Amino acid sequence: MTCTLWYASPLGRMLLAAEDDRLVGAWFEGQRFFPEDCGVSLPGGSLPVLDAACAWLDAYFSGKEPGVPPPLRFSSTPFRMAVWRTLLRIPYGRTETYGQIAAEMT
């Protein structure tokens with residue numbers, strides 16, 4: 001079962017979605033691919049992974065090193081999975097160009 005929780009970010013409301021002990025989605029309200037029906041809406045503090053995601057986002061948006069992201073569950077193509085693995089290796093506060101990411105993947 002997918003459980004969801006609203007998070008109030010400085011950039012607008014975000015919908016966080018989790019299944020069991022993994023975060024499976026995060027969307028800004030109204031974005032292009034915002035899910036119509038994403039699961040059971042829970043009040044705050046309902047799943048540890050959603051609490052961890054909120055704490056991580058709080059640190060991130062406050063400008064602090066957020067540490068390791070909460071456990072994530074990816075469901076995608078092998079190429080997209082490789083891109084995600086590369087993106088997750090970029091340290092907090094550092095930026096990389098598409099070209100740098102592509103070079104890392106080859």
# chains A, B, ... in the order shown; residues from 1 in each chain; ligands from 1

call {"tool": "select_by_dssp", "arguments": {"residues": "range 9-80 of chain A", "states": "strand (DSSP E or B)", "output": "PyMOL selection string"}}
result
chain A and resi 9+12-19+22-28+40-41+72

call {"tool": "write_last_selection", "arguments": {"atoms": "N, CA, C and O atoms", "output": "CSV table (one decimal), in the first residue's frame"}}
result
chain,number,residue,atom,x,y,z
A,9,SER,N,7.2,22.8,2.1
A,9,SER,CA,8.5,23.3,1.8
A,9,SER,C,8.5,24.8,1.5
A,9,SER,O,7.4,25.4,1.2
A,12,GLY,N,6.8,25.5,-1.8
A,12,GLY,CA,5.4,25.1,-2.0
A,12,GLY,C,5.2,23.7,-1.4
A,12,GLY,O,6.2,23.0,-1.0
A,13,ARG,N,4.0,23.3,-1.4
A,13,ARG,CA,3.6,22.0,-0.8
A,13,ARG,C,4.2,20.9,-1.6
A,13,ARG,O,4.1,20.9,-2.9
A,14,MET,N,4.6,19.8,-0.9
A,14,MET,CA,5.1,18.6,-1.6
A,14,MET,C,4.3,17.4,-1.1
A,14,MET,O,4.0,17.3,0.1
A,15,LEU,N,4.0,16.5,-2.0
A,15,LEU,CA,3.4,15.3,-1.6
A,15,LEU,C,4.5,14.2,-1.6
A,15,LEU,O,5.2,14.0,-2.6
A,16,LEU,N,4.7,13.6,-0.5
A,16,LEU,CA,5.7,12.5,-0.3
A,16,LEU,C,4.9,11.2,-0.3
A,16,LEU,O,3.8,11.1,0.4
A,17,ALA,N,5.4,10.2,-1.0
A,17,ALA,CA,4.8,8.9,-1.0
A,17,ALA,C,5.8,7.8,-0.6
A,17,ALA,O,6.9,7.8,-1.0
A,18,ALA,N,5.3,6.8,0.2
A,18,ALA,CA,6.1,5.7,0.6
A,18,ALA,C,5.4,4.4,0.5
A,18,ALA,O,4.1,4.4,0.6
A,19,GLU,N,6.1,3.4,0.3
A,19,GLU,CA,5.6,2.0,0.4
A,19,GLU,C,6.5,1.3,1.4
A,19,GLU,O,7.7,1.2,1.2
A,22,ARG,N,10.3,2.4,2.3
A,22,ARG,CA,11.0,3.2,1.2
A,22,ARG,C,10.1,4.3,0.7
A,22,ARG,O,8.9,4.2,0.5
A,23,LEU,N,10.8,5.4,0.4
A,23,LEU,CA,10.2,6.6,-0.3
A,23,LEU,C,10.1,6.2,-1.8
A,23,LEU,O,11.1,5.8,-2.4
A,24,VAL,N,8.9,6.4,-2.3
A,24,VAL,CA,8.7,6.0,-3.8
A,24,VAL,C,8.3,7.3,-4.6
A,24,VAL,O,8.3,7.1,-5.8
A,25,GLY,N,8.1,8.4,-4.0
A,25,GLY,CA,7.8,9.6,-4.8
A,25,GLY,C,7.8,10.9,-4.0
A,25,GLY,O,7.6,10.8,-2.8
A,26,ALA,N,8.1,12.0,-4.7
A,26,ALA,CA,8.0,13.3,-4.1
A,26,ALA,C,7.7,14.3,-5.2
A,26,ALA,O,8.4,14.3,-6.2
A,27,TRP,N,6.6,15.0,-5.1
A,27,TRP,CA,6.1,15.9,-6.1
A,27,TRP,C,5.8,17.2,-5.5
A,27,TRP,O,5.2,17.3,-4.4
A,28,PHE,N,6.0,18.3,-6.2
A,28,PHE,CA,5.5,19.6,-5.8
A,28,PHE,C,4.1,19.7,-6.3
A,28,PHE,O,3.7,19.2,-7.4
A,40,VAL,N,-3.0,6.2,0.2
A,40,VAL,CA,-3.7,6.6,1.4
A,40,VAL,C,-3.0,7.8,2.1
A,40,VAL,O,-1.8,7.8,2.3
A,41,SER,N,-3.7,8.9,2.3
A,41,SER,CA,-3.1,10.1,2.9
A,41,SER,C,-3.1,9.9,4.4
A,41,SER,O,-4.0,9.5,5.0
A,72,LEU,N,15.2,4.8,-0.6
A,72,LEU,CA,14.4,5.1,-1.8
A,72,LEU,C,14.1,3.8,-2.5
A,72,LEU,O,14.9,2.9,-2.5

call {"tool": "select_by_dssp", "arguments": {"residues": "chain A", "states": "helix (DSSP H, G or I)", "output": "ChimeraX atom specification"}}
result
/A:48-61,78-88,98-105

call {"tool": "atom_distance", "arguments": {"atom1": "CA of Arg94 in chain A", "atom2": "CA of Gly63 in chain A"}}
result
12.7 Å

call {"tool": "atom_distance", "arguments": {"atom1": "CA of Pro35 in chain A", "atom2": "CA of Ala8 in chain A"}}
result
17.4 Å

call {"tool": "residues_around", "arguments": {"residues": "range 87-91 of chain A", "least_positions_apart": "5", "cutoff": "9 Å", "atoms": "only C-alpha atoms", "output": "list in words"}}
result
Pro69, Ala82, Glu96 and Ile101 of chain A

call {"tool": "write_last_selection", "arguments": {"atoms": "N, CA, C and O atoms", "output": "compact mmCIF listing (two decimals), in the first residue's frame"}}
result
# COMPACT_ATOMS: atom_id res chain seq x y z
N PRO A 69 20.11 10.41 2.27
CA PRO A 69 18.66 10.50 2.05
C PRO A 69 17.94 9.29 2.63
O PRO A 69 18.56 8.24 2.85
N ALA A 82 20.75 3.86 -13.73
CA ALA A 82 22.16 4.25 -13.76
C ALA A 82 22.32 5.75 -13.54
O ALA A 82 23.24 6.19 -12.83
N GLU A 96 26.83 19.55 -10.84
CA GLU A 96 27.50 18.95 -11.99
C GLU A 96 26.65 19.21 -13.22
O GLU A 96 25.42 19.27 -13.13
N ILE A 101 27.89 14.43 -15.78
CA ILE A 101 27.15 13.23 -15.38
C ILE A 101 27.26 12.16 -16.47
O ILE A 101 27.50 10.98 -16.18

call {"tool": "residues_around", "arguments": {"residues": "Asp21 in chain A", "least_positions_apart": "4", "cutoff": "9 Å", "atoms": "only C-alpha atoms", "output": "list in words"}}
result
Leu47, Pro48, Val49, Leu50, Pro71, Leu72 and Arg73 of chain A

call {"tool": "atom_distance", "arguments": {"atom1": "CA of Asp20 in chain A", "atom2": "CA of Ser75 in chain A"}}
result
14.8 Å

call {"tool": "residues_around", "arguments": {"residues": "Phe61 in chain A", "least_positions_apart": "3", "cutoff": "8 Å", "atoms": "only C-alpha atoms", "output": "number ranges by chain"}}
result
A: 9-10, 57-58, 64

call {"tool": "write_last_selection", "arguments": {"atoms": "N, CA and C atoms", "output": "PDB file, in the first residue's frame"}}
result
ATOM      1  N   SER A   9       7.154  22.836   2.074  1.00  0.00           N
ATOM      2  CA  SER A   9       8.512  23.294   1.776  1.00  0.00           C
ATOM      3  C   SER A   9       8.487  24.799   1.516  1.00  0.00           C
ATOM      4  N   PRO A  10       9.649  25.453   1.549  1.00  0.00           N
ATOM      5  CA  PRO A  10       9.701  26.874   1.214  1.00  0.00           C
ATOM      6  C   PRO A  10       9.341  27.158  -0.247  1.00  0.00           C
ATOM      7  N   LEU A  57      14.376  16.803   4.344  1.00  0.00           N
ATOM      8  CA  LEU A  57      13.988  18.021   3.626  1.00  0.00           C
ATOM      9  C   LEU A  57      14.125  19.258   4.505  1.00  0.00           C
ATOM     10  N   ASP A  58      13.787  19.147   5.786  1.00  0.00           N
ATOM     11  CA  ASP A  58      13.967  20.282   6.710  1.00  0.00           C
ATOM     12  C   ASP A  58      15.434  20.725   6.719  1.00  0.00           C
ATOM     13  N   LYS A  64      21.509  23.230   5.655  1.00  0.00           N
ATOM     14  CA  LYS A  64      22.420  22.339   6.375  1.00  0.00           C
ATOM     15  C   LYS A  64      22.650  21.073   5.561  1.00  0.00           C
TER      16      LYS A  64
END
